[in-house]
>>> print(open('entry.txt').read())   # compact mmCIF, C-alpha atoms
# COMPACT_ATOMS: atom_id res chain seq x y z
CA MET A 108 -40.00 101.26 -8.97
CA ASN A 109 -43.60 102.04 -8.12
CA GLN A 110 -45.36 102.06 -4.77
CA ASN A 111 -46.64 98.49 -5.07
CA GLU A 112 -43.23 97.06 -6.02
CA SER A 113 -41.43 98.85 -3.19
CA SER A 114 -44.12 97.80 -0.73
CA LEU A 115 -43.97 94.14 -1.72
CA THR A 116 -40.17 93.90 -1.67
CA SER A 117 -39.85 95.52 1.75
CA LEU A 118 -42.80 93.57 3.16
CA VAL A 119 -41.41 90.18 2.11
CA SER A 120 -38.04 91.09 3.63
CA ALA A 121 -39.72 92.15 6.88
CA PHE A 122 -41.76 88.95 6.80
CA GLY A 123 -38.58 86.87 6.76
CA ARG A 124 -37.15 88.73 9.75
CA ALA A 125 -40.44 88.57 11.65
CA TYR A 126 -40.80 84.83 10.99
CA HIS A 127 -37.27 84.20 12.24
CA SER A 128 -37.82 86.28 15.36
CA LYS A 129 -41.06 84.47 16.15
CA TYR A 130 -40.27 80.85 15.30
CA ASP A 131 -36.56 80.10 14.88
CA LYS A 132 -34.06 79.15 17.57
CA PRO A 133 -31.30 80.09 18.07
CA LYS A 134 -31.62 83.58 16.60
CA ILE A 135 -29.19 84.80 13.95
CA LEU A 136 -30.72 88.29 14.04
CA ASN A 137 -33.58 89.04 16.41
CA ASP A 138 -35.60 91.71 14.64
CA PHE A 139 -38.41 91.87 17.19
CA ILE A 140 -39.72 95.09 15.62
CA ALA A 141 -40.37 93.67 12.13
CA LYS A 142 -43.68 92.06 13.15
CA ASP A 143 -45.06 95.48 14.09
CA LEU A 144 -44.60 96.72 10.53
CA ILE A 145 -46.70 93.94 8.99
CA SER A 146 -50.40 93.42 9.57
CA GLN A 147 -51.64 89.97 10.52
CA GLU A 148 -53.54 89.86 7.23
CA GLU A 149 -50.35 90.55 5.28
CA PHE A 150 -48.38 87.98 7.27
CA SER A 151 -51.04 85.38 6.50
CA ALA A 152 -51.22 86.34 2.82
CA ILE A 153 -47.44 86.13 2.34
CA SER A 154 -47.39 82.80 4.18
CA LYS A 155 -50.15 81.42 1.95
CA ASN A 156 -48.43 82.59 -1.24
CA MET A 157 -45.19 80.92 -0.20
CA ILE A 158 -46.90 77.67 0.69
CA ASN A 159 -48.67 77.70 -2.68
CA GLY A 160 -45.31 78.25 -4.37
CA ILE A 161 -43.76 75.00 -3.13
CA GLN A 162 -44.25 73.41 -6.56
CA PHE A 163 -41.73 75.88 -7.98
CA PHE A 164 -39.18 75.37 -5.22
CA ASN A 165 -39.47 71.63 -4.62
CA ARG A 166 -42.27 69.62 -6.23
CA ASP A 167 -41.36 66.35 -4.45
CA LEU A 168 -41.26 68.00 -1.04
CA GLY A 169 -44.57 69.70 -1.76
CA GLN A 170 -46.16 66.33 -2.37
CA LYS A 171 -44.54 64.80 0.70
CA LEU A 172 -45.66 67.64 2.98
CA LYS A 173 -48.99 68.42 1.31
CA ASP A 174 -50.82 67.99 4.64
CA LYS A 175 -48.25 70.01 6.61
CA PRO A 176 -48.46 73.62 5.35
CA ASN A 177 -46.55 75.02 8.32
CA GLU A 178 -43.60 72.75 7.57
CA ILE A 179 -43.70 73.82 3.92
CA LEU A 180 -43.60 77.47 5.00
CA LYS A 181 -40.70 76.74 7.34
CA TRP A 182 -38.79 74.98 4.57
CA ILE A 183 -39.25 77.76 1.99
CA THR A 184 -38.46 80.50 4.49
CA GLN A 185 -35.39 78.82 5.96
CA VAL A 186 -33.96 77.39 2.73
CA GLN A 187 -34.73 80.10 0.18
CA LEU A 188 -35.87 83.36 1.78
CA SER A 189 -34.06 84.05 5.04
CA PRO A 190 -30.46 82.78 5.13
CA THR A 191 -28.69 85.61 3.32
CA PRO A 192 -30.74 88.58 4.63
CA LEU A 193 -30.47 87.35 8.23
CA ALA A 194 -26.75 86.57 8.24
CA ARG A 195 -25.60 89.61 6.28
CA SER A 196 -27.60 91.93 8.56
CA ALA A 197 -26.24 90.19 11.66
CA TYR A 198 -22.69 90.57 10.34
CA CYS A 199 -23.22 94.20 9.32
CA GLU A 200 -24.67 95.17 12.68
CA LYS A 201 -21.90 93.40 14.58
CA VAL A 202 -19.29 95.34 12.61
CA LEU A 203 -21.23 98.60 13.05
CA LEU A 204 -21.49 98.27 16.83
CA HIS A 205 -17.73 97.63 16.99
CA GLU A 206 -17.07 100.65 14.75
CA VAL A 207 -19.20 102.85 17.02
CA LYS A 208 -16.84 101.96 19.87
CA LEU A 209 -13.98 103.09 17.62
CA GLY A 210 -15.54 106.49 16.94
CA VAL A 211 -18.04 106.14 14.11
CA LYS A 212 -20.65 108.90 14.38
CA GLN A 213 -22.77 108.33 11.26
CA TYR A 214 -24.45 105.29 9.74
CA VAL A 215 -25.65 105.36 6.11
CA ILE A 216 -28.03 102.56 5.07
CA LEU A 217 -28.35 102.20 1.30
CA GLY A 218 -31.58 100.47 0.31
CA ALA A 219 -32.94 100.65 3.86
CA GLY A 220 -36.45 99.35 3.14
CA LEU A 221 -38.17 98.54 6.45
CA ASP A 222 -34.91 98.45 8.40
CA THR A 223 -35.42 98.60 12.17
CA PHE A 224 -31.87 99.03 13.52
CA CYS A 225 -32.61 102.50 14.91
CA PHE A 226 -35.60 101.23 16.89
CA ARG A 227 -33.80 98.20 18.23
CA HIS A 228 -30.89 100.30 19.51
CA PRO A 229 -32.33 103.33 21.32
CA GLU A 230 -29.15 103.47 23.43
CA LEU A 231 -27.36 104.95 20.37
CA ARG A 232 -29.71 107.90 19.88
CA ASN A 233 -27.23 110.40 21.29
CA ASN A 234 -24.15 108.81 19.72
CA LEU A 235 -25.03 107.81 16.15
CA GLU A 236 -26.76 109.72 13.36
CA ILE A 237 -28.55 107.29 11.02
CA PHE A 238 -29.31 108.14 7.38
CA GLU A 239 -31.66 105.77 5.58
CA ILE A 240 -31.46 106.08 1.79
CA ASP A 241 -34.08 104.55 -0.46
CA HIS A 242 -36.56 105.18 -3.24
CA PRO A 243 -39.17 107.84 -2.34
CA ALA A 244 -42.03 105.32 -2.65
CA THR A 245 -40.32 102.91 -0.25
CA GLN A 246 -39.72 105.64 2.30
CA ALA A 247 -43.29 106.89 2.13
CA PHE A 248 -44.45 103.33 2.68
CA LYS A 249 -42.13 102.93 5.67
CA MET A 250 -43.29 106.16 7.32
CA GLU A 251 -46.86 104.98 6.97
CA ARG A 252 -45.95 101.68 8.65
CA LEU A 253 -44.10 103.41 11.48
CA SER A 254 -47.13 105.59 12.08
CA ASN A 255 -49.45 102.58 12.11
CA ALA A 256 -47.16 100.85 14.60
CA ARG A 257 -47.10 104.02 16.72
CA LEU A 258 -43.32 104.16 16.55
CA ASP A 259 -42.02 107.70 16.95
CA ILE A 260 -39.18 108.69 14.64
CA PRO A 261 -36.19 109.60 16.84
CA GLN A 262 -34.15 112.74 16.20
CA ASN A 263 -31.11 110.77 15.04
CA LEU A 264 -32.98 109.03 12.20
CA HIS A 265 -32.96 110.83 8.85
CA PHE A 266 -34.77 109.74 5.66
CA VAL A 267 -33.05 110.64 2.40
CA SER A 268 -34.89 109.92 -0.86
CA MET A 269 -32.61 108.84 -3.68
CA ASP A 270 -32.30 106.28 -6.45
CA PHE A 271 -28.65 105.66 -5.63
CA THR A 272 -28.44 102.84 -8.19
CA LYS A 273 -28.55 105.50 -10.91
CA ALA A 274 -26.59 108.31 -9.27
CA PHE A 275 -25.30 108.89 -5.74
CA THR A 276 -24.80 112.35 -4.31
CA TYR A 277 -24.20 113.64 -0.80
CA GLN A 278 -26.21 116.80 -1.42
CA ASN A 279 -29.43 115.57 0.21
CA LEU A 280 -27.57 113.92 3.07
CA ILE A 281 -25.79 117.16 3.90
CA LYS A 282 -29.18 118.92 3.98
CA GLU A 283 -30.20 116.38 6.63
CA GLY A 284 -27.14 117.14 8.76
CA PHE A 285 -24.53 114.77 7.34
CA LYS A 286 -21.03 115.86 8.35
CA ASP A 287 -17.41 115.18 7.45
CA THR A 288 -16.86 112.65 10.22
CA LYS A 289 -16.12 108.95 10.52
CA THR A 290 -18.95 107.09 8.82
CA PHE A 291 -20.12 103.50 8.43
CA ILE A 292 -22.04 102.45 5.29
CA SER A 293 -24.09 99.34 4.61
CA LEU A 294 -24.85 98.16 1.08
CA LEU A 295 -26.75 94.89 1.45
CA GLY A 296 -28.60 93.00 -1.26
CA VAL A 297 -27.75 95.55 -3.93
CA SER A 298 -24.53 94.60 -5.74
CA TYR A 299 -26.09 91.69 -7.65
CA TYR A 300 -28.52 93.96 -9.48
CA LEU A 301 -25.95 96.48 -10.77
CA THR A 302 -23.35 96.11 -13.49
CA LYS A 303 -19.71 95.95 -12.45
CA GLU A 304 -19.20 99.46 -13.81
CA GLU A 305 -22.15 100.78 -11.80
CA ILE A 306 -20.92 99.19 -8.57
CA SER A 307 -17.40 100.49 -9.11
CA SER A 308 -18.70 104.02 -9.72
CA LEU A 309 -20.97 103.83 -6.66
CA MET A 310 -18.09 102.72 -4.43
CA GLU A 311 -15.96 105.64 -5.58
CA ASN A 312 -18.78 108.16 -5.06
CA LEU A 313 -19.66 106.80 -1.62
CA PHE A 314 -16.26 107.66 -0.20
CA THR A 315 -15.72 111.14 -1.66
CA GLU A 316 -17.17 112.97 1.37
CA VAL A 317 -16.04 110.81 4.29
CA PRO A 318 -12.68 110.76 6.10
CA THR A 319 -10.06 108.04 6.43
CA GLY A 320 -11.22 105.19 8.67
CA SER A 321 -14.78 105.26 7.35
CA SER A 322 -15.89 101.84 6.14
CA ILE A 323 -18.51 99.75 4.37
CA VAL A 324 -20.05 96.30 4.67
CA PHE A 325 -21.54 94.77 1.54
CA ASP A 326 -22.39 91.37 0.12
CA TYR A 327 -21.57 90.08 -3.35
CA ALA A 328 -21.92 86.95 -5.45
CA ASP A 329 -18.82 85.14 -6.65
CA GLU A 330 -18.17 84.00 -10.21
CA SER A 331 -20.11 80.75 -9.74
CA LEU A 332 -23.46 82.59 -9.37
CA PHE A 333 -24.83 81.67 -12.79
CA ARG A 334 -23.56 78.09 -12.90
CA VAL A 335 -24.19 76.70 -9.39
CA ASN A 336 -27.61 75.33 -8.47
CA GLY A 337 -27.07 75.30 -4.71
CA LYS A 338 -28.97 73.40 -2.03
CA SER A 339 -32.40 72.40 -3.39
CA ASN A 340 -31.61 74.55 -6.45
CA ARG A 341 -31.96 77.68 -4.34
CA VAL A 342 -29.22 79.65 -6.10
CA SER A 343 -30.64 78.97 -9.55
CA ASN A 344 -34.14 79.67 -8.17
CA MET A 345 -32.92 83.02 -6.83
CA VAL A 346 -31.55 83.96 -10.25
CA LYS A 347 -34.78 82.85 -11.98
CA MET A 348 -37.00 84.76 -9.55
CA ALA A 349 -34.95 87.93 -9.93
CA SER A 350 -35.25 87.72 -13.70
CA ALA A 351 -38.99 87.02 -13.56
CA SER A 352 -39.52 90.02 -11.27
CA GLY A 353 -37.98 92.38 -13.80
CA GLU A 354 -34.81 92.99 -11.76
CA PRO A 355 -32.31 90.46 -13.15
CA MET A 356 -29.03 89.75 -11.42
CA LYS A 357 -26.29 91.36 -13.47
CA SER A 358 -22.93 90.83 -11.84
CA CYS A 359 -20.70 88.46 -9.96
CA PHE A 360 -17.06 88.85 -8.97
CA SER A 361 -13.89 86.95 -8.32
CA TYR A 362 -12.13 87.97 -5.10
CA ASN A 363 -9.40 89.70 -7.14
CA GLU A 364 -12.00 91.73 -9.02
CA VAL A 365 -13.54 92.93 -5.75
CA GLU A 366 -10.12 93.76 -4.35
CA ASN A 367 -9.18 95.76 -7.45
CA MET A 368 -12.51 97.60 -7.48
CA LEU A 369 -12.11 98.62 -3.84
CA GLU A 370 -8.49 99.63 -4.37
CA LYS A 371 -9.65 101.96 -7.14
CA ALA A 372 -12.09 103.54 -4.65
CA GLY A 373 -9.33 103.97 -2.06
CA LEU A 374 -10.48 101.09 0.13
CA LEU A 375 -8.73 98.13 1.71
CA ILE A 376 -10.43 94.85 2.57
CA TYR A 377 -10.38 94.48 6.35
CA GLU A 378 -12.41 91.26 6.50
CA HIS A 379 -13.81 88.81 3.97
CA LEU A 380 -16.24 85.99 4.80
CA SER A 381 -16.67 83.18 2.29
CA PRO A 382 -19.84 81.03 2.17
CA SER A 383 -18.18 78.34 4.29
CA GLU A 384 -17.02 80.90 6.86
CA ILE A 385 -20.50 82.44 6.97
CA ASP A 386 -21.97 78.99 7.51
CA GLU A 387 -19.58 78.27 10.35
CA THR A 388 -20.11 81.68 11.98
CA TYR A 389 -23.90 81.98 11.75
CA PHE A 390 -25.42 78.58 11.01
CA SER A 391 -23.40 75.94 12.89
CA ASN A 392 -25.07 73.48 15.26
CA ARG A 393 -28.61 74.13 14.04
CA ASN A 394 -31.41 71.58 13.88
CA ASP A 395 -33.44 73.26 11.14
CA TYR A 396 -33.09 74.06 7.42
CA LEU A 397 -31.08 77.27 7.78
CA SER A 398 -27.63 77.33 6.18
CA ALA A 399 -25.42 79.85 4.38
CA PHE A 400 -26.20 80.50 0.73
CA GLU A 401 -23.70 79.20 -1.77
CA THR A 402 -21.81 81.84 -3.85
CA ILE A 403 -22.56 84.75 -1.43
CA HIS A 404 -19.68 86.54 0.36
CA TYR A 405 -19.47 89.43 2.84
CA ILE A 406 -16.84 92.19 2.84
CA HIS A 407 -15.84 94.84 5.37
CA ALA A 408 -13.67 97.43 3.62
CA VAL A 409 -12.05 100.54 5.11
CA LYS A 410 -11.02 103.84 3.50
CA LYS A 411 -7.24 104.29 3.53
>>> encode(input="entry.txt", output="structure tokens")
Amino acid sequence: MNQNESSLTSLVSAFGRAYHSKYDKPKILNDFIAKDLISQEEFSAISKNMINGIQFFNRDLGQKLKDKPNEILKWITQVQLSPTPLARSAYCEKVLLHEVKLGVKQYVILGAGLDTFCFRHPELRNNLEIFEIDHPATQAFKMERLSNARLDIPQNLHFVSMDFTKAFTYQNLIKEGFKDTKTFISLLGVSYYLTKEEISSLMENLFTEVPTGSSIVFDYADESLFRVNGKSNRVSNMVKMASASGEPMKSCFSYNEVENMLEKAGLLIYEHLSPSEIDETYFSNRNDYLSAFETIHYIHAVKK
């Protein structure tokens, strides 16, 4: 991954959170910091590119709404871009805050990008050490954005450079102060792009240096990923876009496969949310386009 690729991926993700915070009601996740990490020029450029892409997502809708660019942007953002990132982050943070009450002292974010949890929860600065792990180019980009936004990096936030999709090690985390204490890990938007063997190995390595009671939240695609089109073809579009970007989706799981993989890593499933349960929990009673993505599940697993 080069600087431009890491910048674009993290910017588009931040755009989705910023758009939701600014325009959508009710909020699934209110990332009110995300807008500060994107310039107005970048927000406008991403918006324009999405509007211009309506022919790929829905040609008929593009023709119907050709004089309503803001509605086109809303449709693409709410149907294709935002549902999974918003809901999985909301779920992950809800679980994390509960785990902090139960004694978690460390939070490891794998593939952190332009994550803003630390800045949205200053009340945890004396109670929770946060370790953001990502590619060096992504982290350099983030530090530049934090500086531009005049956001001071708090003492409990630690940046650890690592391509964890190839090999995970605790060596650099320990150098940053990581300790053998109850830890919470998030692995969001990653499992699809690894092989089953790579995910299984990562899960085992993640829990070698943390005690019993430590846990992880991650999302995964079920076995219908490559055969379901989804609402307005959004699932098949997601698969096509991933392939076109050079990062194809590689794996999907049955529930039994996930359970067996976690068992091998010494983990038990504490909670599992199916697409219908995610829809009911995070998208019920809405009057917009937002709804839970088909085929995507969330898991909270705990080390035995």
>>> closest_residue(input="entry.txt", among="A:Asn367, A:Ile306, A:Phe150, A:Ser117", to="His242 (chain A)", atoms="all atoms listed in the file")
A:Ser117
>>> closest_residue(input="entry.txt", among="A:Gln162, A:Ser398, A:Tyr300, A:Gly210", to="Ser352 (chain A)", atoms="only C-alpha atoms")
A:Tyr300
>>> residues_around(input="entry.txt", residues="region 263-274 of chain A", least_positions_apart="4", cutoff="10 Å", atoms="all atoms listed in the file", output="PyMOL selection string")
chain A and resi 108+213-219+225-226+229+231-247+250+278-285+297-298+300-302+305-306+308-309+312-313
>>> closest_residue(input="entry.txt", among="A:Phe139, A:Tyr198, A:Phe291, A:Tyr277", to="Gly320 (chain A)", atoms="all atoms listed in the file")
A:Phe291
>>> residues_around(input="entry.txt", residues="Ser321 (chain A)", least_positions_apart="4", cutoff="8 Å", atoms="all atoms listed in the file", output="compact mmCIF listing (two decimals) with C-alpha atoms, in the frame of the given file")
# COMPACT_ATOMS: atom_id res chain seq x y z
CA VAL A 211 -18.04 106.14 14.11
CA LYS A 289 -16.12 108.95 10.52
CA THR A 290 -18.95 107.09 8.82
CA PHE A 291 -20.12 103.50 8.43
CA VAL A 317 -16.04 110.81 4.29
CA VAL A 409 -12.05 100.54 5.11
CA LYS A 410 -11.02 103.84 3.50
>>> closest_residue(input="entry.txt", among="A:Gly373, A:Pro133, A:Gly169, A:Pro176", to="Phe390 (chain A)", atoms="only C-alpha atoms")
A:Pro133
>>> closest_residue(input="entry.txt", among="A:Arg227, A:Lys212, A:Arg257, A:Lys347", to="Asp287 (chain A)", atoms="only C-alpha atoms")
A:Lys212
>>> residues_around(input="entry.txt", residues="Val324 (chain A)", least_positions_apart="5", cutoff="7 Å", atoms="only C-alpha atoms", output="list in words")
Cys199, Ile292, Ser293, Leu294, Ile406, His407 and Ala408 of chain A
>>> write_last_selection(input="entry.txt", atoms="C-alpha atoms", output="PDB file, in the coordinates of the input")
ATOM      1  CA  CYS A 199     -23.220  94.200   9.320  1.00  0.00           C
ATOM      2  CA  ILE A 292     -22.040 102.450   5.290  1.00  0.00           C
ATOM      3  CA  SER A 293     -24.090  99.340   4.610  1.00  0.00           C
ATOM      4  CA  LEU A 294     -24.850  98.160   1.080  1.00  0.00           C
ATOM      5  CA  ILE A 406     -16.840  92.190   2.840  1.00  0.00           C
ATOM      6  CA  HIS A 407     -15.840  94.840   5.370  1.00  0.00           C
ATOM      7  CA  ALA A 408     -13.670  97.430   3.620  1.00  0.00           C
TER       8      ALA A 408
END
>>> closest_residue(input="entry.txt", among="A:Ser307, A:Asn159, A:Ser128, A:Asn363", to="Ile376 (chain A)", atoms="only C-alpha atoms")
A:Asn363
>>> closest_atom_pairs(input="entry.txt", of="region 261-356 of chain A", to="region 181-190 of chain A", cutoff="12 Å", atoms="all atoms listed in the file", output="tab-separated table")
residue	atom	partner	partner_atom	distance
A:Gly337	CA	A:Gln187	CA	10.3
A:Lys338	CA	A:Val186	CA	8.0
A:Ser339	CA	A:Val186	CA	8.0
A:Asn340	CA	A:Gln187	CA	9.2
A:Arg341	CA	A:Gln187	CA	5.8
A:Val342	CA	A:Gln187	CA	8.4
A:Ser343	CA	A:Gln187	CA	10.6
A:Asn344	CA	A:Gln187	CA	8.4
A:Met345	CA	A:Gln187	CA	7.8
A:Val346	CA	A:Gln187	CA	11.6
A:Met348	CA	A:Gln187	CA	11.0
>>> atom_distance(input="entry.txt", atom1="CA of Ala194 (chain A)", atom2="CA of Thr288 (chain A)")
28.0 Å
>>> atom_distance(input="entry.txt", atom1="CA of Met310 (chain A)", atom2="CA of Met368 (chain A)")
8.2 Å
>>> atom_distance(input="entry.txt", atom1="CA of Glu206 (chain A)", atom2="CA of Thr402 (chain A)")
26.9 Å
>>> residues_around(input="entry.txt", residues="Ser154 (chain A)", least_positions_apart="4", cutoff="9 Å", atoms="all atoms listed in the file", output="list in words")
Phe122, Glu149, Phe150, Ile158, Asn159, Asn177 and Leu180 of chain A
>>> build_atoms(input="entry.txt", residues="region 308-319 of chain A", atoms="all heavy atoms", output="compact mmCIF listing (two decimals), in the coordinates of the input")
# COMPACT_ATOMS: atom_id res chain seq x y z
N SER A 308 -18.43 102.58 -9.80
CA SER A 308 -18.70 104.02 -9.72
C SER A 308 -19.34 104.39 -8.39
O SER A 308 -18.98 105.40 -7.77
CB SER A 308 -19.61 104.43 -10.88
OG SER A 308 -19.96 105.79 -10.79
N LEU A 309 -20.30 103.57 -7.93
CA LEU A 309 -20.97 103.83 -6.66
C LEU A 309 -19.96 103.81 -5.51
O LEU A 309 -20.00 104.68 -4.64
CB LEU A 309 -22.07 102.79 -6.43
CG LEU A 309 -22.82 102.87 -5.10
CD1 LEU A 309 -23.51 104.23 -4.95
CD2 LEU A 309 -23.85 101.74 -5.00
N MET A 310 -19.08 102.82 -5.50
CA MET A 310 -18.09 102.72 -4.43
C MET A 310 -17.21 103.97 -4.38
O MET A 310 -16.93 104.51 -3.30
CB MET A 310 -17.21 101.48 -4.63
CG MET A 310 -17.89 100.18 -4.30
SD MET A 310 -18.22 100.02 -2.53
CE MET A 310 -19.02 98.40 -2.51
N GLU A 311 -16.79 104.43 -5.54
CA GLU A 311 -15.96 105.64 -5.58
C GLU A 311 -16.73 106.85 -5.05
O GLU A 311 -16.20 107.64 -4.26
CB GLU A 311 -15.48 105.89 -7.00
CG GLU A 311 -14.46 104.86 -7.50
CD GLU A 311 -13.94 105.20 -8.87
OE1 GLU A 311 -13.59 106.38 -9.11
OE2 GLU A 311 -13.86 104.30 -9.72
N ASN A 312 -17.98 107.00 -5.48
CA ASN A 312 -18.78 108.16 -5.06
C ASN A 312 -19.10 108.13 -3.57
O ASN A 312 -19.18 109.18 -2.92
CB ASN A 312 -20.08 108.22 -5.86
CG ASN A 312 -19.85 108.58 -7.32
OD1 ASN A 312 -18.85 109.21 -7.66
ND2 ASN A 312 -20.76 108.19 -8.19
N LEU A 313 -19.30 106.93 -3.03
CA LEU A 313 -19.66 106.80 -1.62
C LEU A 313 -18.59 107.36 -0.69
O LEU A 313 -18.89 107.81 0.41
CB LEU A 313 -19.92 105.33 -1.27
CG LEU A 313 -21.25 104.72 -1.71
CD1 LEU A 313 -21.27 103.22 -1.42
CD2 LEU A 313 -22.40 105.40 -1.01
N PHE A 314 -17.33 107.30 -1.12
CA PHE A 314 -16.26 107.66 -0.20
C PHE A 314 -15.59 108.98 -0.54
O PHE A 314 -14.48 109.27 -0.08
CB PHE A 314 -15.24 106.50 -0.13
CG PHE A 314 -15.75 105.36 0.68
CD1 PHE A 314 -16.53 104.37 0.09
CD2 PHE A 314 -15.54 105.30 2.05
CE1 PHE A 314 -17.05 103.32 0.84
CE2 PHE A 314 -16.05 104.27 2.81
CZ PHE A 314 -16.81 103.27 2.21
N THR A 315 -16.27 109.83 -1.32
CA THR A 315 -15.72 111.14 -1.66
C THR A 315 -15.86 112.14 -0.52
O THR A 315 -15.06 113.08 -0.41
CB THR A 315 -16.41 111.72 -2.91
OG1 THR A 315 -17.83 111.81 -2.66
CG2 THR A 315 -16.15 110.86 -4.14
N GLU A 316 -16.86 111.97 0.35
CA GLU A 316 -17.17 112.97 1.37
C GLU A 316 -16.99 112.45 2.79
O GLU A 316 -17.54 113.03 3.74
CB GLU A 316 -18.61 113.48 1.19
CG GLU A 316 -18.91 114.09 -0.17
CD GLU A 316 -18.26 115.45 -0.35
OE1 GLU A 316 -17.98 116.10 0.67
OE2 GLU A 316 -18.02 115.84 -1.51
N VAL A 317 -16.25 111.37 2.95
CA VAL A 317 -16.04 110.81 4.29
C VAL A 317 -14.55 110.65 4.54
O VAL A 317 -13.77 110.41 3.61
CB VAL A 317 -16.76 109.45 4.47
CG1 VAL A 317 -18.27 109.63 4.40
CG2 VAL A 317 -16.31 108.44 3.43
N PRO A 318 -14.11 110.79 5.79
CA PRO A 318 -12.68 110.76 6.10
C PRO A 318 -12.09 109.34 6.16
O PRO A 318 -12.82 108.35 6.15
CB PRO A 318 -12.62 111.43 7.47
CG PRO A 318 -13.94 111.11 8.09
CD PRO A 318 -14.93 111.12 6.96
N THR A 319 -10.79 109.29 6.24
CA THR A 319 -10.06 108.04 6.43
C THR A 319 -10.60 107.31 7.66
O THR A 319 -10.91 107.93 8.68
CB THR A 319 -8.56 108.34 6.62
OG1 THR A 319 -8.05 108.94 5.43
CG2 THR A 319 -7.78 107.08 6.93
